[in-house]
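For reference, upload-v9.csv (CSV, C-alpha atoms):
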chain,number,residue,atom,x,y,z
S,1,MET,CA,135.1,65.8,63.2
S,2,SER,CA,137.6,63.1,62.3
S,3,SER,CA,135.0,60.5,61.6
S,4,GLY,CA,133.5,62.6,58.9
S,5,ILE,CA,130.0,62.4,60.4
S,6,ASP,CA,128.3,65.6,61.6
S,7,ARG,CA,126.4,65.9,64.8
S,8,ASN,CA,123.0,65.3,63.1
S,9,GLY,CA,124.3,62.0,61.8
S,10,THR,CA,124.1,62.9,58.1
S,11,GLU,CA,127.0,61.9,56.0
S,12,PRO,CA,128.8,64.6,54.3
S,13,ARG,CA,128.8,62.9,50.9
S,14,ARG,CA,130.2,65.9,49.1
S,15,ARG,CA,133.6,64.9,50.4
S,16,GLY,CA,133.2,61.6,48.6
S,17,ARG,CA,134.8,59.7,51.4
S,18,ARG,CA,133.9,56.0,51.2
S,19,ARG,CA,133.5,53.8,54.3
S,20,SER,CA,134.5,50.2,54.3
S,21,GLY,CA,131.7,47.7,54.8
S,22,ALA,CA,133.0,46.8,58.2
S,23,ASP,CA,132.9,50.5,59.2
S,24,THR,CA,129.3,50.8,58.0
S,25,ARG,CA,128.3,47.8,59.9
S,26,ALA,CA,130.0,48.9,63.1
S,27,ALA,CA,128.6,52.4,62.8
S,28,LEU,CA,125.1,51.0,62.4
S,29,LEU,CA,125.5,48.7,65.5
S,30,ALA,CA,126.7,51.6,67.6
S,31,ALA,CA,123.9,53.9,66.4
S,32,ALA,CA,121.3,51.1,66.9
S,33,ARG,CA,122.4,50.6,70.6
S,34,GLU,CA,121.9,54.3,71.2
S,35,VAL,CA,118.6,54.7,69.4
S,36,PHE,CA,117.0,51.4,70.6
S,37,ILE,CA,117.8,52.4,74.2
S,38,GLU,CA,116.5,56.0,73.7
S,39,GLN,CA,113.3,55.0,71.8
S,40,GLY,CA,112.6,51.4,72.6
S,41,TYR,CA,112.3,48.8,69.8
S,42,THR,CA,108.9,50.0,68.5
S,43,GLY,CA,109.8,53.7,68.6
S,44,ALA,CA,113.2,53.4,66.9
S,45,THR,CA,113.1,53.7,63.1
S,46,VAL,CA,115.5,52.4,60.6
S,47,ARG,CA,115.8,55.9,59.2
S,48,ALA,CA,116.7,57.4,62.6
S,49,ILE,CA,119.4,54.7,63.2
S,50,ALA,CA,120.9,55.1,59.7
S,51,GLY,CA,120.8,58.8,60.2
S,52,ARG,CA,122.7,58.6,63.5
S,53,ALA,CA,125.2,56.3,61.8
S,54,GLY,CA,125.6,58.6,58.9
S,55,VAL,CA,124.8,55.8,56.3
S,56,ASP,CA,122.0,55.1,53.8
S,57,PRO,CA,119.0,53.3,55.4
S,58,ALA,CA,119.3,50.6,52.7
S,59,MET,CA,122.5,49.5,54.5
S,60,VAL,CA,120.3,48.2,57.4
S,61,ASN,CA,118.7,45.7,55.0
S,62,HIS,CA,122.0,45.0,53.3
S,63,TRP,CA,123.9,44.2,56.5
S,64,PHE,CA,121.2,42.9,58.9
S,65,GLY,CA,118.2,41.9,56.8
S,66,GLY,CA,116.1,44.6,58.5
S,67,LYS,CA,115.3,46.2,61.8
S,68,GLU,CA,114.8,42.9,63.7
S,69,GLY,CA,118.2,41.5,62.6
S,70,LEU,CA,119.9,44.8,63.5
S,71,PHE,CA,118.3,44.6,67.0
S,72,ALA,CA,119.4,41.1,67.5
S,73,ALA,CA,122.9,41.9,66.4
S,74,ALA,CA,122.9,45.1,68.7
S,75,VAL,CA,122.0,43.0,71.7
S,76,SER,CA,124.6,40.3,70.7
S,77,ILE,CA,122.0,37.6,70.3
S,78,PRO,CA,122.8,35.3,67.4
S,79,VAL,CA,119.1,34.8,66.5
S,80,ASN,CA,117.0,36.9,64.1
S,81,PRO,CA,113.4,36.7,65.3
S,82,ALA,CA,112.1,37.5,61.8
S,83,GLU,CA,113.7,34.2,60.6
S,84,VAL,CA,113.3,32.0,63.6
S,85,ILE,CA,109.6,32.7,64.6
S,86,PRO,CA,108.0,31.4,61.4
S,87,GLN,CA,110.2,28.3,61.6
S,88,LEU,CA,109.3,27.6,65.2
S,89,LEU,CA,105.6,28.2,64.6
S,90,GLN,CA,105.5,25.7,61.7
S,91,GLY,CA,104.3,22.3,62.8
S,92,ASP,CA,102.4,20.9,65.8
S,93,PRO,CA,102.0,23.6,68.6
S,94,GLU,CA,102.4,20.8,71.1
S,95,GLN,CA,106.0,20.3,69.9
S,96,LEU,CA,106.9,24.0,69.8
S,97,ALA,CA,108.9,23.7,73.0
S,98,GLU,CA,110.9,20.9,71.6
S,99,ARG,CA,111.7,22.9,68.5
S,100,MET,CA,112.7,25.9,70.8
S,101,VAL,CA,115.0,23.9,73.0
S,102,ARG,CA,116.7,22.3,69.9
S,103,ARG,CA,117.2,25.7,68.3
S,104,PHE,CA,118.5,27.2,71.5
S,105,LEU,CA,121.1,24.5,71.9
S,106,SER,CA,122.2,24.5,68.3
S,107,VAL,CA,122.6,28.3,68.4
S,108,TRP,CA,124.4,28.7,71.7
S,109,ASP,CA,126.4,25.5,71.9
S,110,GLU,CA,128.6,26.9,69.2
S,111,ALA,CA,131.9,28.3,70.6
S,112,GLY,CA,131.2,26.4,73.9
S,113,GLY,CA,128.5,28.8,75.0
S,114,GLY,CA,131.0,31.7,74.9
S,115,GLU,CA,128.5,34.1,73.4
S,116,PHE,CA,126.0,33.3,76.2
S,117,VAL,CA,128.6,34.0,78.8
S,118,ALA,CA,129.4,37.3,77.1
S,119,LEU,CA,125.7,38.2,77.1
S,120,VAL,CA,125.3,37.5,80.9
S,121,ARG,CA,128.5,39.5,81.4
S,122,SER,CA,127.1,42.5,79.6
S,123,LEU,CA,123.8,42.2,81.6
S,124,ALA,CA,125.8,42.4,84.8
S,125,VAL,CA,127.7,45.4,83.7
S,126,HIS,CA,125.4,47.5,81.6
S,127,ASP,CA,121.8,48.4,82.5
S,128,GLU,CA,121.1,49.1,78.8
S,129,ALA,CA,121.9,45.5,78.0
S,130,VAL,CA,119.2,44.5,80.5
S,131,ALA,CA,116.7,46.8,78.9
S,132,MET,CA,117.5,45.5,75.5
S,133,LEU,CA,117.3,41.9,76.5
S,134,LYS,CA,114.0,42.5,78.1
S,135,GLU,CA,112.7,44.1,74.9
S,136,PHE,CA,114.0,41.2,72.9
S,137,VAL,CA,112.4,38.5,75.1
S,138,THR,CA,109.1,40.2,75.6
S,139,THR,CA,108.4,42.1,72.4
S,140,LEU,CA,110.3,40.2,69.8
S,141,LEU,CA,110.8,36.5,70.6
S,142,PHE,CA,108.8,34.8,73.3
S,143,GLY,CA,106.0,37.4,73.4
S,144,ARG,CA,105.4,36.9,69.7
S,145,LEU,CA,105.4,33.2,70.0
S,146,THR,CA,102.9,33.1,72.9
S,147,GLU,CA,100.7,35.7,71.1
S,148,ALA,CA,100.6,33.5,68.0
S,149,LEU,CA,99.5,30.5,70.1
S,150,GLY,CA,96.3,32.4,71.1
S,151,MET,CA,96.5,31.1,74.7
S,152,ASP,CA,95.5,33.1,77.7
S,153,GLN,CA,98.1,35.2,79.6
S,154,PRO,CA,100.6,35.4,76.7
S,155,GLU,CA,102.8,37.8,78.6
S,156,LEU,CA,103.1,35.6,81.7
S,157,ARG,CA,103.8,32.6,79.5
S,158,ALA,CA,106.5,34.5,77.6
S,159,ALA,CA,108.1,35.5,80.9
S,160,LEU,CA,108.0,32.0,82.2
S,161,CYS,CA,109.6,30.7,79.0
S,162,GLY,CA,112.2,33.3,79.4
S,163,SER,CA,112.9,32.1,82.9
S,164,GLN,CA,113.4,28.5,81.8
S,165,ILE,CA,115.5,29.3,78.6
S,166,VAL,CA,117.7,31.8,80.3
S,167,GLY,CA,118.1,29.4,83.3
S,168,LEU,CA,119.1,26.6,80.9
S,169,GLY,CA,121.7,28.9,79.5
S,170,MET,CA,123.0,29.8,82.9
S,171,ALA,CA,123.2,26.2,84.0
S,172,ARG,CA,124.7,24.9,80.8
S,173,TYR,CA,127.1,27.7,79.8
S,174,VAL,CA,127.8,30.0,82.8
S,175,VAL,CA,127.7,27.8,85.9
S,176,ARG,CA,128.2,24.6,83.9
S,177,LEU,CA,126.2,22.3,86.1
S,178,GLU,CA,126.9,18.7,85.3
S,179,PRO,CA,125.6,16.5,83.9
S,180,LEU,CA,123.4,19.1,82.2
S,181,ALA,CA,126.3,21.1,80.8
S,182,SER,CA,127.7,18.2,78.8
S,183,ALA,CA,124.4,16.3,78.1
S,184,ASP,CA,123.6,15.7,74.4
S,185,HIS,CA,120.7,17.6,72.8
S,186,ASP,CA,118.2,14.7,73.0
S,187,THR,CA,118.7,14.3,76.7
S,188,VAL,CA,118.2,18.1,77.3
S,189,VAL,CA,115.2,18.2,75.0
S,190,ALA,CA,113.6,15.2,76.8
S,191,ALA,CA,114.1,16.8,80.2
S,192,VAL,CA,113.4,20.4,79.5
S,193,ALA,CA,110.9,20.6,76.6
S,194,PRO,CA,107.9,19.2,78.5
S,195,ASN,CA,108.4,22.0,81.1
S,196,LEU,CA,108.7,24.7,78.5
S,197,GLN,CA,105.7,23.3,76.7
S,198,ARG,CA,103.6,23.6,79.9
S,199,TYR,CA,104.6,27.3,80.0
S,200,LEU,CA,103.5,27.7,76.4
S,201,THR,CA,100.2,25.8,76.3
S,202,GLY,CA,99.6,24.2,79.7
S,203,ASP,CA,97.5,25.1,82.7
S,204,LEU,CA,99.4,27.8,84.7
S,205,GLY,CA,97.2,27.2,87.8
S,206,THR,CA,96.2,30.9,87.9
S,207,PRO,CA,93.0,32.6,87.0
S,208,PRO,CA,93.5,34.4,83.6
B,1,MET,CA,153.1,42.2,109.1
B,2,SER,CA,150.8,45.1,110.0
B,3,SER,CA,147.8,42.8,110.4
B,4,GLY,CA,149.4,41.0,113.2
B,5,ILE,CA,148.9,37.7,111.4
B,6,ASP,CA,151.8,35.6,110.3
B,7,ARG,CA,152.0,33.8,107.0
B,8,ASN,CA,150.9,30.5,108.4
B,9,GLY,CA,147.7,32.1,109.7
B,10,THR,CA,148.3,31.5,113.4
B,11,GLU,CA,147.4,34.5,115.6
B,12,PRO,CA,150.3,35.8,117.6
B,13,ARG,CA,148.3,35.8,120.8
B,14,ARG,CA,151.2,36.7,122.9
B,15,ARG,CA,150.8,40.3,121.8
B,16,GLY,CA,147.4,40.3,123.4
B,17,ARG,CA,145.9,42.3,120.5
B,18,ARG,CA,142.1,41.9,120.4
B,19,ARG,CA,140.1,42.0,117.2
B,20,SER,CA,136.6,43.4,117.0
B,21,GLY,CA,133.8,41.0,116.2
B,22,ALA,CA,133.3,42.6,112.8
B,23,ASP,CA,137.1,42.2,112.0
B,24,THR,CA,136.9,38.5,113.0
B,25,ARG,CA,133.9,37.9,110.8
B,26,ALA,CA,135.4,39.7,107.8
B,27,ALA,CA,138.7,37.9,108.2
B,28,LEU,CA,136.9,34.5,108.3
B,29,LEU,CA,134.9,35.4,105.1
B,30,ALA,CA,138.1,36.5,103.2
B,31,ALA,CA,139.9,33.3,104.4
B,32,ALA,CA,136.9,31.1,103.5
B,33,ARG,CA,136.8,32.5,99.9
B,34,GLU,CA,140.4,31.6,99.5
B,35,VAL,CA,140.4,28.2,101.1
B,36,PHE,CA,137.1,27.0,99.5
B,37,ILE,CA,138.4,28.0,96.1
B,38,GLU,CA,141.7,26.2,96.7
B,39,GLN,CA,140.3,23.1,98.3
B,40,GLY,CA,136.7,22.8,97.3
B,41,TYR,CA,133.9,22.6,99.8
B,42,THR,CA,134.7,19.1,101.0
B,43,GLY,CA,138.4,19.5,101.2
B,44,ALA,CA,138.3,22.8,103.1
B,45,THR,CA,138.3,22.4,106.9
B,46,VAL,CA,137.1,24.8,109.5
B,47,ARG,CA,140.5,24.6,111.1
B,48,ALA,CA,142.3,25.6,107.9
B,49,ILE,CA,140.0,28.5,107.3
B,50,ALA,CA,140.3,29.8,110.9
B,51,GLY,CA,144.0,29.3,110.7
B,52,ARG,CA,144.2,31.4,107.5
B,53,ALA,CA,142.1,34.1,109.2
B,54,GLY,CA,144.2,34.0,112.3
B,55,VAL,CA,141.2,33.3,114.6
B,56,ASP,CA,140.1,30.5,116.9
B,57,PRO,CA,138.1,27.8,115.0
B,58,ALA,CA,135.2,28.2,117.5
B,59,MET,CA,134.6,31.6,115.9
B,60,VAL,CA,133.2,29.8,112.8
B,61,ASN,CA,130.4,28.4,114.8
B,62,HIS,CA,130.0,31.6,116.7
B,63,TRP,CA,129.6,33.8,113.6
B,64,PHE,CA,128.2,31.4,111.0
B,65,GLY,CA,126.8,28.4,112.8
B,66,GLY,CA,129.3,26.1,111.1
B,67,LYS,CA,131.0,25.4,107.8
B,68,GLU,CA,127.9,25.4,105.7
B,69,GLY,CA,126.8,28.8,107.0
B,70,LEU,CA,130.3,30.2,106.4
B,71,PHE,CA,130.2,28.9,102.8
B,72,ALA,CA,126.8,30.4,102.1
B,73,ALA,CA,128.0,33.7,103.5
B,74,ALA,CA,131.2,33.5,101.5
B,75,VAL,CA,129.3,33.0,98.3
B,76,SER,CA,126.8,35.8,99.3
B,77,ILE,CA,123.8,33.5,99.3
B,78,PRO,CA,121.5,34.3,102.2
B,79,VAL,CA,120.5,30.7,102.7
B,80,ASN,CA,122.1,28.2,105.1
B,81,PRO,CA,121.7,24.7,103.7
B,82,ALA,CA,122.1,23.2,107.1
B,83,GLU,CA,118.9,25.0,108.2
B,84,VAL,CA,117.0,25.0,105.0
B,85,ILE,CA,117.3,21.4,103.8
B,86,PRO,CA,115.6,19.7,106.8
B,87,GLN,CA,112.8,22.3,106.6
B,88,LEU,CA,112.3,21.7,102.9
B,89,LEU,CA,112.4,17.9,103.3
B,90,GLN,CA,109.7,17.9,106.0
B,91,GLY,CA,106.3,17.1,104.6
B,92,ASP,CA,104.9,15.6,101.4
B,93,PRO,CA,107.7,15.1,98.8
B,94,GLU,CA,105.2,15.9,96.1
B,95,GLN,CA,105.0,19.4,97.5
B,96,LEU,CA,108.7,19.9,97.9
B,97,ALA,CA,108.9,22.2,94.8
B,98,GLU,CA,106.2,24.4,96.2
B,99,ARG,CA,108.1,24.8,99.5
B,100,MET,CA,111.3,25.5,97.5
B,101,VAL,CA,109.7,28.3,95.3
B,102,ARG,CA,108.1,29.9,98.4
B,103,ARG,CA,111.4,29.9,100.2
B,104,PHE,CA,113.2,31.2,97.2
B,105,LEU,CA,110.8,34.1,96.8
B,106,SER,CA,110.8,35.0,100.5
B,107,VAL,CA,114.6,35.0,100.7
B,108,TRP,CA,115.4,36.9,97.5
B,109,ASP,CA,112.4,39.3,97.3
B,110,GLU,CA,113.9,41.2,100.2
B,111,ALA,CA,115.7,44.3,99.1
B,112,GLY,CA,113.9,44.1,95.7
B,113,GLY,CA,116.1,41.2,94.6
B,114,GLY,CA,119.3,43.4,95.0
B,115,GLU,CA,121.2,40.5,96.5
B,116,PHE,CA,120.4,38.3,93.5
B,117,VAL,CA,121.5,41.0,91.1
B,118,ALA,CA,124.8,41.3,93.1
B,119,LEU,CA,125.3,37.5,92.9
B,120,VAL,CA,124.9,37.5,89.1
B,121,ARG,CA,127.2,40.5,88.8
B,122,SER,CA,129.8,38.6,90.8
B,123,LEU,CA,129.3,35.5,88.6
B,124,ALA,CA,130.0,37.6,85.5
B,125,VAL,CA,133.2,39.1,86.9
B,126,HIS,CA,134.8,36.4,89.0
B,127,ASP,CA,135.4,32.9,87.9
B,128,GLU,CA,135.8,31.9,91.5
B,129,ALA,CA,132.2,33.0,92.2
B,130,VAL,CA,131.1,30.6,89.4
B,131,ALA,CA,133.1,27.7,91.0
B,132,MET,CA,131.6,28.5,94.4
B,133,LEU,CA,128.0,28.8,93.1
B,134,LYS,CA,128.4,25.5,91.3
B,135,GLU,CA,129.6,23.8,94.5
B,136,PHE,CA,126.7,25.4,96.4
B,137,VAL,CA,124.1,24.2,93.9
B,138,THR,CA,125.4,20.7,93.3
B,139,THR,CA,127.0,19.6,96.6
B,140,LEU,CA,125.2,21.6,99.2
B,141,LEU,CA,121.7,22.5,98.2
B,142,PHE,CA,119.9,20.9,95.2
B,143,GLY,CA,122.2,17.9,95.1
B,144,ARG,CA,121.4,17.0,98.7
B,145,LEU,CA,117.7,17.5,98.2
B,146,THR,CA,117.6,15.2,95.2
B,147,GLU,CA,119.8,12.6,96.9
B,148,ALA,CA,117.4,12.6,99.9
B,149,LEU,CA,114.4,11.9,97.5
B,150,GLY,CA,116.0,8.6,96.4
B,151,MET,CA,115.1,9.2,92.8
B,152,ASP,CA,117.1,8.1,89.8
B,153,GLN,CA,119.6,10.6,88.2
B,154,PRO,CA,119.9,12.9,91.3
B,155,GLU,CA,122.6,15.0,89.7
B,156,LEU,CA,120.7,15.7,86.5
B,157,ARG,CA,117.6,16.5,88.6
B,158,ALA,CA,119.7,18.9,90.7
B,159,ALA,CA,121.1,20.7,87.7
B,160,LEU,CA,117.6,21.0,86.1
B,161,CYS,CA,116.3,22.4,89.4
B,162,GLY,CA,119.2,24.8,89.3
B,163,SER,CA,118.3,25.9,85.8
B,164,GLN,CA,114.7,26.7,86.8
B,165,ILE,CA,115.5,28.4,90.0
B,166,VAL,CA,118.4,30.5,88.7
B,167,GLY,CA,116.2,31.3,85.6
B,168,LEU,CA,113.4,32.5,87.9
B,169,GLY,CA,115.8,34.8,89.7
B,170,MET,CA,117.1,36.1,86.3
B,171,ALA,CA,113.6,36.8,85.1
B,172,ARG,CA,112.2,38.2,88.3
B,173,TYR,CA,115.2,40.2,89.6
B,174,VAL,CA,117.7,40.8,86.8
B,175,VAL,CA,115.8,41.2,83.5
B,176,ARG,CA,112.6,42.0,85.4
B,177,LEU,CA,110.3,40.3,82.9
B,178,GLU,CA,106.7,41.4,83.6
B,179,PRO,CA,104.2,40.2,84.7
B,180,LEU,CA,106.5,37.6,86.4
B,181,ALA,CA,108.7,40.2,88.1
B,182,SER,CA,105.7,41.8,90.1
B,183,ALA,CA,103.5,38.7,90.4
B,184,ASP,CA,102.5,37.7,94.0
B,185,HIS,CA,104.0,34.6,95.5
B,186,ASP,CA,100.9,32.4,95.0
B,187,THR,CA,100.9,33.2,91.2
B,188,VAL,CA,104.6,32.3,90.9
B,189,VAL,CA,104.2,29.2,92.9
B,190,ALA,CA,101.2,28.0,90.9
B,191,ALA,CA,103.1,28.6,87.6
B,192,VAL,CA,106.6,27.4,88.5
B,193,ALA,CA,106.3,24.8,91.2
B,194,PRO,CA,104.7,22.0,89.0
B,195,ASN,CA,107.7,22.4,86.6
B,196,LEU,CA,110.2,22.2,89.4
B,197,GLN,CA,108.4,19.3,90.9
B,198,ARG,CA,108.7,17.4,87.6
B,199,TYR,CA,112.5,17.9,87.8
B,200,LEU,CA,112.5,16.6,91.3
B,201,THR,CA,110.3,13.5,91.1
B,202,GLY,CA,108.8,13.3,87.6
B,203,ASP,CA,109.8,11.3,84.5
B,204,LEU,CA,112.7,13.0,82.8
B,205,GLY,CA,112.2,11.1,79.6
B,206,THR,CA,115.7,9.8,79.5
B,207,PRO,CA,117.0,6.3,80.4
B,208,PRO,CA,118.6,6.4,83.9
Serialized structure, structure tokens:
Amino acid sequence: MSSGIDRNGTEPRRRGRRRSGADTRAALLAAAREVFIEQGYTGATVRAIAGRAGVDPAMVNHWFGGKEGLFAAAVSIPVNPAEVIPQLLQGDPEQLAERMVRRFLSVWDEAGGGEFVALVRSLAVHDEAVAMLKEFVTTLLFGRLTEALGMDQPELRAALCGSQIVGLGMARYVVRLEPLASADHDTVVAAVAPNLQRYLTGDLGTPP
Amino acid sequence: MSSGIDRNGTEPRRRGRRRSGADTRAALLAAAREVFIEQGYTGATVRAIAGRAGVDPAMVNHWFGGKEGLFAAAVSIPVNPAEVIPQLLQGDPEQLAERMVRRFLSVWDEAGGGEFVALVRSLAVHDEAVAMLKEFVTTLLFGRLTEALGMDQPELRAALCGSQIVGLGMARYVVRLEPLASADHDTVVAAVAPNLQRYLTGDLGTPP
């Protein structure tokens, strides 16, 4: 095959052909999208993804800092849960929502929200993107935060947080509802964080 | 022209050609999408839309109950603000959010949320759909509700409501975050309505 990768995904090193770094990274992303969709986040292994890409498993650490970073990159979310979660959990749990909203705005405001728009576009077109975002929200990001809080109903809380955060992105970046779309971060935090905090640690009004 | 409609949108009645009802409705929807995008909701007139479609302006009332219903149909939202707003405003303003969430779920749960998914798909593909949804949310639906409440910052409140309601639809119908996606209406209302109510009538934490 012209790419130099056989069907089992092992690199034919005997040819001594060297890939560029960009090629390696792109091959890992393409393989990750396939293997994460086939196996889910938990089932997919770094070894299987590297094998599919025809590169050494160490390249996953080198390019993405590990499996979580590779997943975030594959789903086009510029957030690595392995870095972000410990930072968010540090400090008063009653101010966790404020830290989340600030982080959300600082990540996605870059490039005028273009990456968020691209994410929604991919959701609308590819069912696989939906499955991967679902996995990201429930297993990797909000699910882990609500688990760490030790509250009742962590899954419902995670889904509710997802609804508010995704909705904030839709309103600010996709539909551009003013004055929310242009509001400064302090205004958005003051308005949205108390609601998000209720989803994290408040009374949801339902029997657990 | 083969359609029998001249460029100015007046129907050449002298030919005595009759359209079917479905043709008339489809022609009005197509014309409405063009005229609303060109002129905005306020600027577009029933007369201009009917003229573009080549039908009698009375057909707008006949098929859509008026300009608002035509707009809702054009933007593929199964809600006519002219009907819904008076119903929502009736009763205790402190329970307005509960009525909104119940109405939202009863409208969009039909067909498994398929219409909501179609709406998001159209947002991702057509910039005009974004402009029309923006107009719907700000001018016609949430904006009018928050104006009617007489609170400070009605536009910010409307945009915040939009963020939570659109986010609820994304979580329940598009990404299908469980257990929110399958939760019964009472559970969703208990969890979400207090947050929406804060956006409507609560303290937003910002100077007005």
Problem set entry | Interface list for chain B, partner chain S, 7 Å threshold, all atoms listed in the file, as a count of residues only | 28
Problem set entry | Spatial neighbours of region 41-51 of chain B, 12 Å, all atoms listed in the file, chain gap at least 6 places, as a PyMOL selection string | chain B and resi 5-12+24-35+57-72+74-75+131-140
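With CA of Phe36 (chain S) on one side and CA of Gly21 (chain S) on the other, the separation reads 21.9 Å.
The interatomic distance for the pair CA of Thr201 (chain B) and CA of Gly91 (chain B) works out to 14.5 Å.
Taking CA of Pro86 (chain S) as the reference point, CA of Leu141 (chain S) is found at 10.9 Å.
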Once N, CA, C and O atoms are restored for region 20-37 of chain S, what would the output be as a PDB file, in the coordinates of the input?
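The new file rebuild_19.pdb reads:
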ATOM      1  N   SER S  20     134.430  51.626  54.558  1.00  0.00           N
ATOM      2  CA  SER S  20     134.500  50.200  54.300  1.00  0.00           C
ATOM      3  C   SER S  20     133.179  49.575  54.785  1.00  0.00           C
ATOM      4  O   SER S  20     132.450  50.171  55.590  1.00  0.00           O
ATOM      5  N   GLY S  21     132.889  48.355  54.329  1.00  0.00           N
ATOM      6  CA  GLY S  21     131.700  47.700  54.800  1.00  0.00           C
ATOM      7  C   GLY S  21     131.726  47.448  56.291  1.00  0.00           C
ATOM      8  O   GLY S  21     130.725  47.635  56.981  1.00  0.00           O
ATOM      9  N   ALA S  22     132.894  47.072  56.800  1.00  0.00           N
ATOM     10  CA  ALA S  22     133.000  46.800  58.200  1.00  0.00           C
ATOM     11  C   ALA S  22     132.727  48.095  59.037  1.00  0.00           C
ATOM     12  O   ALA S  22     132.081  48.068  60.084  1.00  0.00           O
ATOM     13  N   ASP S  23     133.197  49.238  58.515  1.00  0.00           N
ATOM     14  CA  ASP S  23     132.900  50.500  59.200  1.00  0.00           C
ATOM     15  C   ASP S  23     131.432  50.791  59.228  1.00  0.00           C
ATOM     16  O   ASP S  23     130.897  51.225  60.241  1.00  0.00           O
ATOM     17  N   THR S  24     130.784  50.573  58.098  1.00  0.00           N
ATOM     18  CA  THR S  24     129.300  50.800  58.000  1.00  0.00           C
ATOM     19  C   THR S  24     128.595  49.966  59.010  1.00  0.00           C
ATOM     20  O   THR S  24     127.722  50.429  59.748  1.00  0.00           O
ATOM     21  N   ARG S  25     128.945  48.686  59.044  1.00  0.00           N
ATOM     22  CA  ARG S  25     128.300  47.800  59.900  1.00  0.00           C
ATOM     23  C   ARG S  25     128.486  48.176  61.406  1.00  0.00           C
ATOM     24  O   ARG S  25     127.546  48.204  62.198  1.00  0.00           O
ATOM     25  N   ALA S  26     129.726  48.527  61.741  1.00  0.00           N
ATOM     26  CA  ALA S  26     130.000  48.900  63.100  1.00  0.00           C
ATOM     27  C   ALA S  26     129.299  50.209  63.490  1.00  0.00           C
ATOM     28  O   ALA S  26     128.777  50.346  64.609  1.00  0.00           O
ATOM     29  N   ALA S  27     129.240  51.143  62.538  1.00  0.00           N
ATOM     30  CA  ALA S  27     128.600  52.400  62.800  1.00  0.00           C
ATOM     31  C   ALA S  27     127.065  52.171  63.041  1.00  0.00           C
ATOM     32  O   ALA S  27     126.445  52.781  63.918  1.00  0.00           O
ATOM     33  N   LEU S  28     126.490  51.266  62.247  1.00  0.00           N
ATOM     34  CA  LEU S  28     125.100  51.000  62.400  1.00  0.00           C
ATOM     35  C   LEU S  28     124.816  50.303  63.782  1.00  0.00           C
ATOM     36  O   LEU S  28     123.834  50.619  64.463  1.00  0.00           O
ATOM     37  N   LEU S  29     125.684  49.387  64.195  1.00  0.00           N
ATOM     38  CA  LEU S  29     125.500  48.700  65.500  1.00  0.00           C
ATOM     39  C   LEU S  29     125.580  49.730  66.633  1.00  0.00           C
ATOM     40  O   LEU S  29     124.762  49.710  67.553  1.00  0.00           O
ATOM     41  N   ALA S  30     126.571  50.619  66.558  1.00  0.00           N
ATOM     42  CA  ALA S  30     126.700  51.600  67.600  1.00  0.00           C
ATOM     43  C   ALA S  30     125.508  52.534  67.673  1.00  0.00           C
ATOM     44  O   ALA S  30     124.956  52.820  68.748  1.00  0.00           O
ATOM     45  N   ALA S  31     125.070  52.983  66.499  1.00  0.00           N
ATOM     46  CA  ALA S  31     123.900  53.900  66.400  1.00  0.00           C
ATOM     47  C   ALA S  31     122.649  53.141  66.930  1.00  0.00           C
ATOM     48  O   ALA S  31     121.806  53.700  67.636  1.00  0.00           O
ATOM     49  N   ALA S  32     122.524  51.868  66.554  1.00  0.00           N
ATOM     50  CA  ALA S  32     121.300  51.100  66.900  1.00  0.00           C
ATOM     51  C   ALA S  32     121.249  50.971  68.450  1.00  0.00           C
ATOM     52  O   ALA S  32     120.171  51.118  69.038  1.00  0.00           O
ATOM     53  N   ARG S  33     122.384  50.699  69.092  1.00  0.00           N
ATOM     54  CA  ARG S  33     122.400  50.600  70.600  1.00  0.00           C
ATOM     55  C   ARG S  33     121.860  51.838  71.197  1.00  0.00           C
ATOM     56  O   ARG S  33     121.080  51.813  72.137  1.00  0.00           O
ATOM     57  N   GLU S  34     122.315  52.975  70.669  1.00  0.00           N
ATOM     58  CA  GLU S  34     121.900  54.300  71.200  1.00  0.00           C
ATOM     59  C   GLU S  34     120.375  54.480  70.993  1.00  0.00           C
ATOM     60  O   GLU S  34     119.616  54.789  71.917  1.00  0.00           O
ATOM     61  N   VAL S  35     119.960  54.318  69.743  1.00  0.00           N
ATOM     62  CA  VAL S  35     118.600  54.700  69.400  1.00  0.00           C
ATOM     63  C   VAL S  35     117.582  53.709  69.985  1.00  0.00           C
ATOM     64  O   VAL S  35     116.509  54.111  70.463  1.00  0.00           O
ATOM     65  N   PHE S  36     117.911  52.415  70.029  1.00  0.00           N
ATOM     66  CA  PHE S  36     117.000  51.400  70.600  1.00  0.00           C
ATOM     67  C   PHE S  36     116.819  51.737  72.129  1.00  0.00           C
ATOM     68  O   PHE S  36     115.727  51.598  72.677  1.00  0.00           O
ATOM     69  N   ILE S  37     117.904  52.133  72.790  1.00  0.00           N
ATOM     70  CA  ILE S  37     117.800  52.400  74.200  1.00  0.00           C
ATOM     71  C   ILE S  37     116.971  53.716  74.412  1.00  0.00           C
ATOM     72  O   ILE S  37     116.108  53.787  75.284  1.00  0.00           O
TER      73      ILE S  37
END
